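What follows is my_file-v4.cif (mmCIF, C-alpha atoms).
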data_upload
#
loop_
_atom_site.label_atom_id
_atom_site.label_comp_id
_atom_site.auth_asym_id
_atom_site.auth_seq_id
_atom_site.Cartn_x
_atom_site.Cartn_y
_atom_site.Cartn_z
CA MET H 1 -50.30 -32.93 200.32
CA ASN H 2 -46.88 -33.44 198.79
CA ASN H 3 -46.08 -36.06 201.34
CA SER H 4 -49.20 -38.08 200.60
CA LEU H 5 -48.51 -37.84 196.86
CA THR H 6 -45.09 -39.46 197.20
CA GLY H 7 -46.74 -42.01 199.49
CA HIS H 8 -49.17 -42.93 196.72
CA ILE H 9 -46.44 -43.17 194.12
CA ILE H 10 -44.36 -45.44 196.36
CA ARG H 11 -47.41 -47.59 197.09
CA PHE H 12 -48.16 -47.81 193.34
CA PHE H 13 -44.71 -49.11 192.45
CA THR H 14 -44.41 -51.38 195.49
CA LEU H 15 -47.70 -53.07 194.65
CA VAL H 16 -46.84 -53.46 190.94
CA PHE H 17 -43.48 -55.05 191.70
CA ALA H 18 -44.85 -57.20 194.52
CA GLN H 19 -47.54 -58.42 192.14
CA VAL H 20 -45.33 -59.30 189.17
CA LEU H 21 -42.29 -60.54 191.08
CA ILE H 22 -43.89 -62.43 193.97
CA PHE H 23 -47.63 -62.96 193.84
CA ASN H 24 -47.77 -63.97 190.21
CA HIS H 25 -45.46 -66.90 190.84
CA VAL H 26 -47.63 -68.45 193.54
CA ASN H 27 -49.63 -70.64 191.11
CA PHE H 28 -51.40 -72.41 193.95
CA LEU H 29 -52.88 -75.72 192.70
CA GLY H 30 -51.54 -74.90 189.26
CA TYR H 31 -53.43 -71.76 188.35
CA ILE H 32 -54.66 -69.78 191.37
CA ASN H 33 -52.90 -66.45 191.79
CA PRO H 34 -53.86 -63.59 194.12
CA TYR H 35 -54.11 -60.13 192.56
CA ILE H 36 -53.27 -57.90 195.51
CA TYR H 37 -52.37 -54.81 193.47
CA ILE H 38 -56.01 -53.69 193.70
CA LEU H 39 -55.32 -52.66 197.31
CA PHE H 40 -54.09 -49.43 195.72
CA ILE H 41 -57.59 -48.86 194.35
CA ALA H 42 -59.31 -50.05 197.52
CA PHE H 43 -57.45 -47.72 199.87
CA PHE H 44 -57.11 -44.66 197.66
CA PRO H 45 -58.43 -41.67 199.69
CA VAL H 46 -62.12 -41.08 199.09
CA LYS H 47 -62.01 -37.29 199.00
CA ASN H 48 -59.45 -37.00 196.21
CA ASN H 49 -60.00 -35.96 192.61
CA ARG H 50 -62.07 -38.65 190.96
CA ALA H 51 -60.70 -38.25 187.42
CA LEU H 52 -57.16 -38.58 188.70
CA PHE H 53 -58.17 -41.70 190.63
CA ILE H 54 -59.69 -43.36 187.55
CA PHE H 55 -56.68 -42.48 185.45
CA SER H 56 -54.14 -43.78 187.97
CA SER H 57 -56.11 -47.03 188.23
CA PHE H 58 -55.86 -47.34 184.47
CA LEU H 59 -52.09 -46.83 184.61
CA LEU H 60 -51.84 -49.39 187.42
CA GLY H 61 -53.72 -52.00 185.40
CA LEU H 62 -51.77 -51.21 182.25
CA SER H 63 -48.40 -51.64 183.97
CA ILE H 64 -49.53 -55.04 185.30
CA ASP H 65 -50.63 -55.95 181.76
CA MET H 66 -47.27 -54.94 180.36
CA PHE H 67 -45.45 -57.29 182.72
CA LEU H 68 -47.82 -60.20 182.29
CA ASP H 69 -48.46 -59.90 178.52
CA THR H 70 -52.20 -60.00 179.03
CA GLY H 71 -53.31 -57.31 176.58
CA GLY H 72 -55.58 -54.95 178.51
CA ILE H 73 -57.52 -57.16 180.90
CA HIS H 74 -56.05 -55.78 184.12
CA ALA H 75 -56.47 -52.21 182.89
CA ALA H 76 -60.13 -52.82 182.03
CA ALA H 77 -60.92 -54.50 185.35
CA SER H 78 -59.10 -51.80 187.34
CA VAL H 79 -60.79 -48.91 185.57
CA LEU H 80 -64.16 -50.55 186.09
CA ILE H 81 -63.79 -51.03 189.83
CA ALA H 82 -62.32 -47.54 190.18
CA TYR H 83 -65.45 -46.17 188.52
CA ILE H 84 -67.95 -48.22 190.51
CA ARG H 85 -66.11 -47.80 193.84
CA PRO H 86 -68.58 -45.14 195.13
CA VAL H 87 -71.43 -47.63 194.74
CA ILE H 88 -69.51 -50.29 196.64
CA LEU H 89 -68.51 -47.78 199.30
CA LYS H 90 -72.11 -46.75 199.76
CA SER H 91 -73.39 -50.30 200.05
CA SER H 92 -70.75 -51.41 202.53
CA PHE H 93 -70.27 -48.27 204.63
CA GLY H 94 -73.83 -46.98 204.52
CA THR H 95 -74.38 -43.56 206.03
CA ILE H 96 -70.76 -42.80 206.93
CA TYR H 97 -69.99 -42.52 203.26
CA GLU H 98 -72.75 -39.96 202.76
CA TYR H 99 -70.82 -37.46 204.87
CA GLN H 100 -67.71 -37.99 202.75
CA SER H 101 -65.70 -38.75 205.85
CA VAL H 102 -64.51 -42.29 205.31
CA ARG H 103 -61.12 -42.88 206.86
CA PHE H 104 -59.98 -46.40 206.29
CA ASN H 105 -58.06 -46.82 209.53
CA ALA H 106 -61.02 -45.82 211.71
CA ILE H 107 -63.56 -48.35 210.52
CA SER H 108 -64.69 -51.61 212.06
CA PHE H 109 -63.14 -54.77 210.77
CA GLY H 110 -66.31 -56.46 209.49
CA VAL H 111 -67.16 -53.54 207.24
CA ILE H 112 -63.68 -53.59 205.73
CA ILE H 113 -64.09 -57.28 204.91
CA THR H 114 -67.40 -56.68 203.11
CA TYR H 115 -65.90 -53.77 201.21
CA ILE H 116 -62.81 -55.72 200.06
CA THR H 117 -64.89 -58.77 199.17
CA LEU H 118 -67.28 -56.81 196.93
CA LEU H 119 -64.42 -55.01 195.23
CA VAL H 120 -62.34 -58.16 194.66
CA ILE H 121 -65.25 -60.18 193.27
CA ALA H 122 -66.20 -57.40 190.82
CA HIS H 123 -62.59 -57.07 189.71
CA HIS H 124 -61.91 -60.78 189.30
CA LEU H 125 -65.14 -61.46 187.45
CA VAL H 126 -64.33 -58.83 184.81
CA LEU H 127 -60.70 -59.96 184.73
CA PHE H 128 -61.44 -63.62 184.00
CA LEU H 129 -64.32 -62.80 181.64
CA LEU H 130 -61.89 -60.83 179.52
CA GLU H 131 -59.03 -63.29 179.94
CA ILE H 132 -60.98 -66.37 178.83
CA PHE H 133 -63.16 -64.33 176.48
CA SER H 134 -65.63 -67.07 175.70
CA ILE H 135 -69.11 -67.53 177.12
CA SER H 136 -69.00 -71.26 176.45
CA LYS H 137 -66.36 -71.56 179.19
CA ILE H 138 -68.50 -69.77 181.78
CA LEU H 139 -67.91 -72.53 184.34
CA LEU H 140 -64.14 -72.11 184.08
CA ILE H 141 -64.59 -68.34 184.47
CA LEU H 142 -66.69 -68.73 187.62
CA GLN H 143 -64.36 -71.36 189.05
CA LYS H 144 -61.28 -69.17 188.53
CA THR H 145 -63.11 -66.13 189.91
CA LEU H 146 -64.18 -67.99 193.04
CA PHE H 147 -60.82 -69.53 193.92
CA SER H 148 -58.70 -66.51 193.07
CA SER H 149 -61.11 -64.21 194.95
CA ILE H 150 -60.83 -66.26 198.12
CA PHE H 151 -57.06 -66.15 197.88
CA THR H 152 -56.94 -62.41 197.13
CA ILE H 153 -59.39 -61.52 199.92
CA LEU H 154 -57.44 -63.50 202.52
CA LEU H 155 -54.12 -61.95 201.50
CA SER H 156 -55.57 -58.43 201.27
CA ILE H 157 -56.96 -58.68 204.79
CA ILE H 158 -53.63 -59.98 206.12
CA ILE H 159 -51.78 -57.10 204.43
CA TYR H 160 -54.37 -54.63 205.74
CA ILE H 161 -53.93 -55.90 209.32
CA ILE H 162 -50.13 -55.72 209.13
CA PHE H 163 -50.01 -52.19 207.74
CA SER H 164 -52.86 -50.67 209.76
CA ARG H 165 -51.16 -51.76 213.01
CA ASN H 166 -48.01 -49.93 211.98
CA ASN H 167 -49.93 -46.73 211.46
CA LYS H 168 -51.35 -46.62 214.96
CA MET N 1 -73.05 -25.68 172.00
CA GLN N 2 -73.16 -24.48 175.59
CA GLN N 3 -75.25 -27.49 176.46
CA ILE N 4 -72.80 -29.91 174.89
CA ILE N 5 -69.92 -28.41 176.87
CA ASN N 6 -72.01 -28.52 180.03
CA PHE N 7 -72.81 -32.14 179.37
CA ILE N 8 -69.14 -32.99 178.91
CA ILE N 9 -68.17 -31.17 182.11
CA ARG N 10 -70.95 -32.78 184.09
CA ASN N 11 -70.13 -36.28 182.90
CA LYS N 12 -66.38 -35.95 182.63
CA ASN N 13 -65.70 -38.84 184.99
CA PHE N 14 -68.04 -41.13 183.14
CA LEU N 15 -66.57 -40.16 179.78
CA LEU N 16 -63.05 -40.66 181.09
CA PHE N 17 -64.03 -44.07 182.41
CA LEU N 18 -65.68 -44.99 179.13
CA SER N 19 -62.70 -43.99 176.99
CA LEU N 20 -60.15 -45.74 179.21
CA PHE N 21 -62.32 -48.85 179.39
CA PHE N 22 -62.64 -48.80 175.61
CA ILE N 23 -58.85 -48.55 175.18
CA SER N 24 -58.34 -51.54 177.49
CA ILE N 25 -60.93 -53.58 175.61
CA VAL N 26 -59.15 -52.81 172.32
CA PHE N 27 -55.86 -54.03 173.83
CA THR N 28 -57.62 -57.14 175.11
CA ILE N 29 -59.14 -58.00 171.75
CA GLN N 30 -55.78 -57.51 170.08
CA SER N 31 -54.17 -59.88 172.54
CA HIS N 32 -56.70 -62.56 171.64
CA SER N 33 -55.82 -62.58 167.97
CA TYR N 34 -52.72 -64.27 166.72
CA HIS N 35 -49.77 -62.06 165.76
CA LYS N 36 -51.71 -58.79 165.87
CA SER N 37 -49.48 -55.85 166.59
CA LYS N 38 -49.53 -55.70 170.36
CA PHE N 39 -48.86 -52.28 171.76
CA ILE N 40 -48.39 -53.51 175.31
CA ASN N 41 -45.94 -56.38 175.60
CA SER N 42 -43.22 -57.38 178.01
CA ALA N 43 -40.35 -57.41 175.49
CA ASN N 44 -39.38 -53.85 176.37
CA PHE N 45 -36.53 -52.28 178.24
CA LEU N 46 -38.38 -51.91 181.55
CA SER N 47 -40.18 -55.20 182.09
CA GLY N 48 -37.53 -57.20 180.27
CA GLY N 49 -34.84 -55.67 182.46
CA VAL N 50 -36.81 -56.35 185.64
CA TYR N 51 -37.45 -59.98 184.71
CA ASN N 52 -33.85 -60.42 183.63
CA SER N 53 -32.43 -59.26 186.94
CA LEU N 54 -34.96 -61.39 188.84
CA ASN N 55 -33.93 -64.37 186.75
CA ASN N 56 -30.27 -63.75 187.60
CA PHE N 57 -31.17 -64.62 191.19
CA SER N 58 -33.83 -67.28 190.66
CA GLU N 59 -31.87 -69.37 188.19
CA TYR N 60 -29.62 -70.46 191.06
CA LEU N 61 -32.60 -72.06 192.76
CA ASN N 62 -33.09 -74.73 190.13
CA LEU N 63 -29.51 -75.11 188.94
CA LYS N 64 -29.52 -78.73 190.01
CA SER N 65 -32.56 -79.81 187.99
CA GLN N 66 -31.45 -77.77 184.97
CA ASN N 67 -27.98 -79.34 185.14
CA LYS N 68 -29.59 -82.73 185.21
CA LEU N 69 -31.62 -81.91 182.09
CA LEU N 70 -28.55 -80.68 180.23
CA ALA N 71 -26.55 -83.73 181.29
CA GLU N 72 -29.36 -85.97 180.03
CA GLU N 73 -29.30 -84.15 176.73
CA ASN N 74 -25.52 -84.47 176.46
CA ASN N 75 -25.92 -88.15 177.09
CA ARG N 76 -28.55 -88.50 174.40
CA LEU N 77 -26.56 -86.52 171.86
CA ARG N 78 -23.44 -88.54 172.58
CA GLU N 79 -25.40 -91.71 172.08
CA GLN N 80 -26.64 -90.41 168.73
CA LEU N 81 -23.14 -89.38 167.76
CA PHE N 82 -21.73 -92.85 168.33
CA ASN N 83 -24.65 -94.64 166.75
CA ILE N 84 -25.03 -92.25 163.86
CA ASN N 85 -24.67 -94.98 161.22
CA THR N 86 -27.22 -97.30 162.70
CA THR N 87 -30.06 -95.04 163.83
CA LYS N 88 -31.35 -93.19 160.83
CA ASP N 89 -34.75 -92.43 162.34
CA SER N 90 -33.55 -90.65 165.49
CA THR N 91 -35.25 -87.37 166.03
CA PHE N 92 -32.58 -84.78 165.30
CA THR N 93 -30.81 -86.51 162.43
CA ASN N 94 -32.73 -84.68 159.73
CA THR N 95 -31.74 -81.29 160.96
CA THR N 96 -28.23 -81.61 162.26
CA SER N 97 -26.70 -83.84 159.63
CA SER N 98 -27.51 -81.49 156.77
CA GLY N 99 -26.38 -78.54 158.86
CA LYS N 100 -27.62 -75.86 156.50
CA LEU N 101 -31.38 -76.05 156.80
CA TYR N 102 -31.77 -74.80 160.33
CA LYS N 103 -29.83 -72.54 162.64
CA PHE N 104 -30.04 -72.96 166.42
CA TYR N 105 -29.66 -70.24 169.04
CA SER N 106 -29.64 -70.92 172.77
CA ALA N 107 -31.62 -68.69 175.12
CA ASN N 108 -32.92 -68.56 178.68
CA VAL N 109 -36.56 -68.22 179.67
CA ILE N 110 -36.75 -65.22 182.00
CA LYS N 111 -40.54 -65.15 182.42
CA ASN N 112 -42.61 -68.30 182.33
CA SER N 113 -46.39 -68.43 182.61
CA TYR N 114 -48.79 -71.36 182.48
CA SER N 115 -51.79 -70.40 184.60
CA LEU N 116 -53.56 -68.17 182.07
CA ILE N 117 -55.50 -69.05 178.93
CA ASP N 118 -53.08 -67.21 176.64
CA ASN N 119 -49.65 -67.84 178.05
CA ILE N 120 -46.68 -65.88 176.77
CA LEU N 121 -43.04 -66.42 177.73
CA LEU N 122 -40.15 -63.99 177.64
CA ILE N 123 -36.62 -65.02 176.57
CA ASN N 124 -33.39 -63.09 176.90
CA LYS N 125 -32.42 -62.97 173.23
CA GLY N 126 -33.79 -60.48 170.72
CA GLN N 127 -33.09 -58.60 167.51
CA ARG N 128 -29.50 -58.08 168.63
CA ASP N 129 -29.03 -61.84 168.37
CA SER N 130 -30.88 -61.87 165.01
CA LEU N 131 -34.10 -63.37 166.33
CA LYS N 132 -37.25 -62.63 164.33
CA GLN N 133 -40.96 -63.36 164.45
CA ASP N 134 -42.05 -66.95 163.77
CA PHE N 135 -38.88 -68.70 164.88
CA GLY N 136 -39.62 -71.95 166.69
CA VAL N 137 -38.63 -72.49 170.33
CA ILE N 138 -37.85 -75.94 171.77
CA THR N 139 -36.15 -77.46 174.80
CA THR N 140 -34.10 -80.61 175.04
CA LYS N 141 -37.31 -82.58 175.57
CA GLY N 142 -39.86 -81.04 173.24
CA ILE N 143 -41.46 -77.96 171.77
CA VAL N 144 -42.21 -74.76 173.68
CA GLY N 145 -43.72 -72.25 171.26
CA ILE N 146 -43.17 -69.65 168.55
CA VAL N 147 -41.41 -66.27 168.78
CA ASP N 148 -43.87 -63.39 168.58
CA LYS N 149 -42.55 -59.89 169.38
CA THR N 150 -38.88 -59.01 169.49
CA SER N 151 -37.15 -56.00 171.00
CA ASN N 152 -33.45 -55.31 170.95
CA GLN N 153 -32.57 -57.64 173.83
CA PHE N 154 -35.72 -59.65 174.47
CA ALA N 155 -38.39 -61.63 172.66
CA THR N 156 -41.84 -62.86 173.63
CA VAL N 157 -42.79 -66.44 172.82
CA ILE N 158 -46.35 -67.65 172.22
CA SER N 159 -46.36 -70.80 174.32
CA ILE N 160 -48.09 -73.97 173.11
CA LEU N 161 -50.23 -73.34 176.20
CA ASN N 162 -52.02 -70.52 174.39
CA SER N 163 -55.50 -70.66 172.93
CA THR N 164 -54.37 -68.92 169.72
CA SER N 165 -51.46 -71.29 169.14
CA LYS N 166 -51.87 -73.85 166.34
CA ILE N 167 -48.93 -76.08 165.49
CA SER N 168 -48.88 -78.74 162.82
CA ALA N 169 -48.15 -82.11 164.44
CA GLY N 170 -48.84 -85.76 163.93
CA LEU N 171 -48.15 -89.40 164.74
CA LYS N 172 -44.57 -90.60 164.55
CA LYS N 173 -45.38 -94.05 163.17
CA THR N 174 -47.65 -92.93 160.32
CA ASN N 175 -47.86 -89.75 158.30
CA HIS N 176 -51.21 -88.53 159.60
CA TYR N 177 -51.05 -84.88 160.59
CA GLY N 178 -53.35 -82.54 162.46
CA SER N 179 -53.02 -79.38 164.49
CA LEU N 180 -52.00 -79.00 168.10
CA GLU N 181 -54.18 -76.79 170.29
CA TRP N 182 -54.77 -76.16 173.98
CA ASP N 183 -58.09 -76.00 175.82
CA GLY N 184 -56.71 -73.99 178.73
CA GLU N 185 -57.20 -76.55 181.46
CA ASN N 186 -54.16 -78.68 182.27
CA PRO N 187 -50.62 -77.42 181.52
CA GLN N 188 -49.42 -81.02 181.06
CA ILE N 189 -52.03 -81.95 178.45
CA VAL N 190 -52.56 -80.44 174.99
CA GLN N 191 -55.05 -81.46 172.30
CA LEU N 192 -54.29 -82.79 168.85
CA VAL N 193 -57.25 -82.45 166.48
CA ASP N 194 -57.99 -83.17 162.82
CA ILE N 195 -56.24 -86.53 162.67
CA ALA N 196 -58.09 -88.60 160.08
CA ILE N 197 -60.18 -91.44 161.51
CA ASN N 198 -58.35 -94.15 159.57
CA ALA N 199 -55.11 -93.45 161.41
CA ASN N 200 -54.61 -96.26 163.85
CA VAL N 201 -54.12 -94.32 167.11
CA LYS N 202 -53.11 -96.21 170.24
CA LYS N 203 -52.48 -95.05 173.77
CA GLY N 204 -48.80 -94.27 174.28
CA ASP N 205 -48.04 -93.38 170.65
CA THR N 206 -45.44 -90.66 170.18
CA ILE N 207 -46.51 -87.31 168.71
CA ILE N 208 -43.97 -85.23 166.76
CA THR N 209 -43.98 -82.02 164.72
CA SER N 210 -44.86 -82.48 161.06
CA GLY N 211 -42.36 -80.11 159.45
CA GLN N 212 -45.08 -78.71 157.22
CA SER N 213 -45.15 -75.22 158.66
CA SER N 214 -41.59 -73.98 157.91
CA ILE N 215 -41.27 -73.07 161.61
CA PHE N 216 -40.29 -76.38 163.18
CA PRO N 217 -38.21 -79.07 161.50
CA LYS N 218 -39.87 -82.45 161.15
CA GLY N 219 -39.56 -84.81 164.08
CA ILE N 220 -39.30 -82.56 167.15
CA LEU N 221 -40.78 -84.51 170.04
CA ILE N 222 -44.04 -83.28 171.59
CA GLY N 223 -45.57 -85.97 173.78
CA THR N 224 -47.43 -89.25 173.98
CA VAL N 225 -51.11 -90.10 173.45
CA GLU N 226 -52.90 -90.00 176.80
CA ASP N 227 -56.40 -90.82 175.55
CA PHE N 228 -58.45 -90.19 172.43
CA LYS N 229 -62.02 -90.02 171.16
CA HIS N 230 -63.87 -89.37 167.91
CA ASP N 231 -65.22 -85.90 167.21
CA ILE N 232 -68.95 -85.27 166.77
CA ALA N 233 -68.92 -85.88 163.03
CA GLU N 234 -66.89 -89.08 163.50
CA ASN N 235 -64.41 -88.04 160.84
CA PHE N 236 -61.48 -87.10 162.99
CA TYR N 237 -59.80 -88.03 166.23
CA GLU N 238 -59.50 -85.69 169.18
CA ILE N 239 -56.38 -86.77 171.01
CA ASN N 240 -55.17 -85.67 174.45
CA VAL N 241 -51.38 -85.48 174.32
CA LYS N 242 -49.25 -85.63 177.45
CA LEU N 243 -46.25 -83.37 176.92
CA PHE N 244 -42.69 -84.61 177.38
CA ASN N 245 -41.79 -81.08 178.45
CA ASP N 246 -42.59 -79.83 181.91
CA MET N 247 -43.95 -76.43 180.84
CA THR N 248 -43.94 -75.26 184.46
CA ASN N 249 -40.16 -75.61 184.74
CA LEU N 250 -38.38 -74.07 181.76
CA GLU N 251 -34.93 -72.55 181.72
CA HIS N 252 -32.66 -73.36 178.77
CA VAL N 253 -34.36 -73.28 175.39
CA TYR N 254 -33.22 -73.37 171.77
CA VAL N 255 -34.56 -71.03 169.10
CA ILE N 256 -34.71 -72.51 165.61
CA GLU N 257 -34.31 -70.48 162.45
CA ASN N 258 -35.35 -72.04 159.17
CA ILE N 259 -32.86 -70.59 156.68
CA HIS N 260 -35.07 -71.24 153.67
CA LYS N 261 -38.17 -69.83 155.28
CA GLU N 262 -38.50 -66.74 153.10
CA GLU N 263 -38.14 -68.86 149.99
CA ILE N 264 -40.83 -71.25 151.19
CA ASN N 265 -43.18 -68.44 152.16
CA ASN N 266 -42.68 -66.65 148.85
CA LEU N 267 -43.51 -69.83 147.04
CA ILE N 268 -46.68 -70.34 149.07
CA ASN N 269 -47.83 -66.74 148.63
CA GLU N 270 -47.39 -66.75 144.88
#
Can the structure from this file be put into structure tokens for me?
Amino acid sequence: MNNSLTGHIIRFFTLVFAQVLIFNHVNFLGYINPYIYILFIAFFPVKNNRALFIFSSFLLGLSIDMFLDTGGIHAAASVLIAYIRPVILKSSFGTIYEYQSVRFNAISFGVIITYITLLVIAHHLVLFLLEIFSISKILLILQKTLFSSIFTILLSIIIYIIFSRNNK
Amino acid sequence: MQQIINFIIRNKNFLLFLSLFFISIVFTIQSHSYHKSKFINSANFLSGGVYNSLNNFSEYLNLKSQNKLLAEENNRLREQLFNINTTKDSTFTNTTSSGKLYKFYSANVIKNSYSLIDNILLINKGQRDSLKQDFGVITTKGIVGIVDKTSNQFATVISILNSTSKISAGLKKTNHYGSLEWDGENPQIVQLVDIAINANVKKGDTIITSGQSSIFPKGILIGTVEDFKHDIAENFYEINVKLFNDMTNLEHVYVIENIHKEEINNLINE
């Protein structure tokens, strides 16, 4: 238990620093950045305390906001996907989730891709809605969501492959 | 009473989510209004320190281009110095020759951002170096933004690439002034609106600051007219301005303090 707790804390800080120091300077084609810090939310153990999970997602988003001067948009998007994660889990994992026995390193690859895709799109849509904060620019919101989502999903899957191999 | 407590216990996750989501929305709304007290900003010990140490490494990567910029500026200033009697309309003459109106501080940009709608920069000077809110920030080529929050060692700067930023600017050849805004699309192009229709705008005209806001001195370069059209009511121009500055590559900046600012503001508020 203690061991996994330190593991989570290390993962939290690694992802925050990787996000603000590396991935936020990508600026592909001028404005497309991947937001890979949500891997923390995606691969948080399913069985753990739910309130703690929501609260740590909030802290994760807030620390990203502090570095990027974005008010509270990352915090809001992170809290939202942390709260709706059970729904996404159920729709992508189906019956396995019902038995509360999801272990992320024992699941087929296709399912993982669906799961990450749903989570990333939900997160990015809320993120850019709050960032641009104007319905009249809905096309810009959708465009940013689409391009950044593709980028984030690709990178997340690459990171997942690299780190899940190490575990085996 | 029992039922209320039961309800809270049953829905504690939902209530936690709702309250945290609400807090984040409040922070977000604050960040969309100009100069509202922002609780979460990067001008603090932790994020400022992290960005500062990162910048210590990364500034070596573009030393060459930054050196070139500074050498160009030296060259320009030297030219002005030798031709000081002949060129009365050069851009910095107003400010430097009087010497007492404005104070300049040099600073380094340690966090740049240009891909968001509301971009905010971080510079490595703060209250310790007597920086305050509403000081202007420029580079050798043109304007950058306005100082927002200051901590002891750091300060955040509202970039001109920010939807809340409004800077008074106008044409160099006539005295028609409007306000400079950004639509959030291209970091090279900003929009100048509210220029009266009888101003004779041409492509390639130079745009400068107006000096009406007590933040920037008159005559700081901004950019050139890229294209222009009339607004819906046909009373004003909407001008796309191509910036002289490359906002994606900033390192050395100057912070401007208007020494008579308090006096001017007191006069306006009376």
Using the chain letters and numbering of this document, enumerate as a count of residues only the residues selected by the PyMOL selection byres ((chain N) within 7 of (chain H)). 17
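With CA of Leu267 in chain N on one side and CA of Gln212 in chain N on the other, the separation reads 13.6 Å.
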Which residues match the PyMOL selection byres ((chain N and resi 151-158) around 6) in the file above, as JSON, numbers by chain? {"N": [43, 120, 121, 122, 123, 124, 125, 126, 127, 128, 145, 146, 147, 148, 149, 150, 159]}
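One finds CA of Gln191 in chain N at 16.2 Å from CA of Asn235 in chain N.
The shortest atom-to-atom distance to Ser168 in chain N, with only C-alpha atoms taken into account, belongs to N:Ile207 out of N:Ala196, N:Ile207, N:Ile110, N:Ile138.
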Between H:Ile121, H:Ile159, H:Ile22, H:Ile10, single out the one closest to Gln143 in chain H, counting all atoms listed in the file. H:Ile121
Computed interatomic separation between CA of Lys203 in chain N and CA of Asp227 in chain N (Å):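 These atoms are spaced 6.0 Å apart.
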Using all atoms listed in the file, the best pick from H:Val46, H:Leu155, H:Leu60, H:Ala122 as closest to Ile9 in chain H would be H:Leu60
Set up a box along x, y and z of the file covering all listed atoms of range 17-33 of chain H, add 6 Å on every one of the six sides, and write the centre and edge lengths in Å to one decimal, as AutoDock Vina command-line options.
--center_x -48.5 --center_y -65.4 --center_z 191.4 --size_x 24.4 --size_y 32.7 --size_z 18.2
Name the residues within 7 Å of (-35.2, -75.7, 178.5), counting only C-alpha atoms in the file's coordinates, and put them as a ChimeraX atom specification. /N:139-140,250-253
Report the residues retrieved by the PyMOL selection byres ((chain H and resi 40) around 9) from the displayed file, expressed as a PDB file with C-alpha atoms, in the frame of the given file.
ATOM      1  CA  HIS H   8     -49.170 -42.930 196.720  1.00  0.00           C
ATOM      2  CA  ARG H  11     -47.410 -47.590 197.090  1.00  0.00           C
ATOM      3  CA  PHE H  12     -48.160 -47.810 193.340  1.00  0.00           C
ATOM      4  CA  LEU H  15     -47.700 -53.070 194.650  1.00  0.00           C
ATOM      5  CA  ILE H  36     -53.270 -57.900 195.510  1.00  0.00           C
ATOM      6  CA  TYR H  37     -52.370 -54.810 193.470  1.00  0.00           C
ATOM      7  CA  ILE H  38     -56.010 -53.690 193.700  1.00  0.00           C
ATOM      8  CA  LEU H  39     -55.320 -52.660 197.310  1.00  0.00           C
ATOM      9  CA  ILE H  41     -57.590 -48.860 194.350  1.00  0.00           C
ATOM     10  CA  ALA H  42     -59.310 -50.050 197.520  1.00  0.00           C
ATOM     11  CA  PHE H  43     -57.450 -47.720 199.870  1.00  0.00           C
ATOM     12  CA  PHE H  44     -57.110 -44.660 197.660  1.00  0.00           C
ATOM     13  CA  SER H  57     -56.110 -47.030 188.230  1.00  0.00           C
ATOM     14  CA  LEU H  60     -51.840 -49.390 187.420  1.00  0.00           C
TER      15      LEU H  60
END
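Taking only C-alpha atoms into account, Leu116 in chain N lies nearest to H:Ile141 out of the set H:Val87, H:Ile141, H:Leu125, H:Leu119.
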Applying 12 Å and all atoms listed in the file, which residues near Asn265 in chain N remain after dropping the ones on its own chain fewer than 4 positions away? List them as a ChimeraX atom specification. /N:134,212-215,258-261,269-270
Protein/DNA/RNA residues near (-53.7, -85.0, 172.8), cut 6 Å, all atoms listed in the file, as a list in words: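 Checked against the point, the hits come out as Val190, Gln191, Leu192, Val225, Ile239, Asn240 and Val241 of chain N.
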For Leu129 in chain H, which of H:Ser91, H:Thr145, H:Thr6, H:Ser108 is the closest residue, counting only C-alpha atoms?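 Result for the nearest residue to Leu129 in chain H: H:Thr145.
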For Lys229 in chain N, work out the shell of residues within 10 Å, counting only C-alpha atoms and skipping chain neighbours fewer than 5 positions away, then give it as a list in words.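 That gives Ile197, Val201, Glu234, Phe236, Tyr237, Glu238, Ile239 and Asn240 of chain N.
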Between N:Lys111, N:Lys173, N:Lys202, N:His230, which has the minimum distance to Asn249 in chain N (counting only C-alpha atoms)? N:Lys111
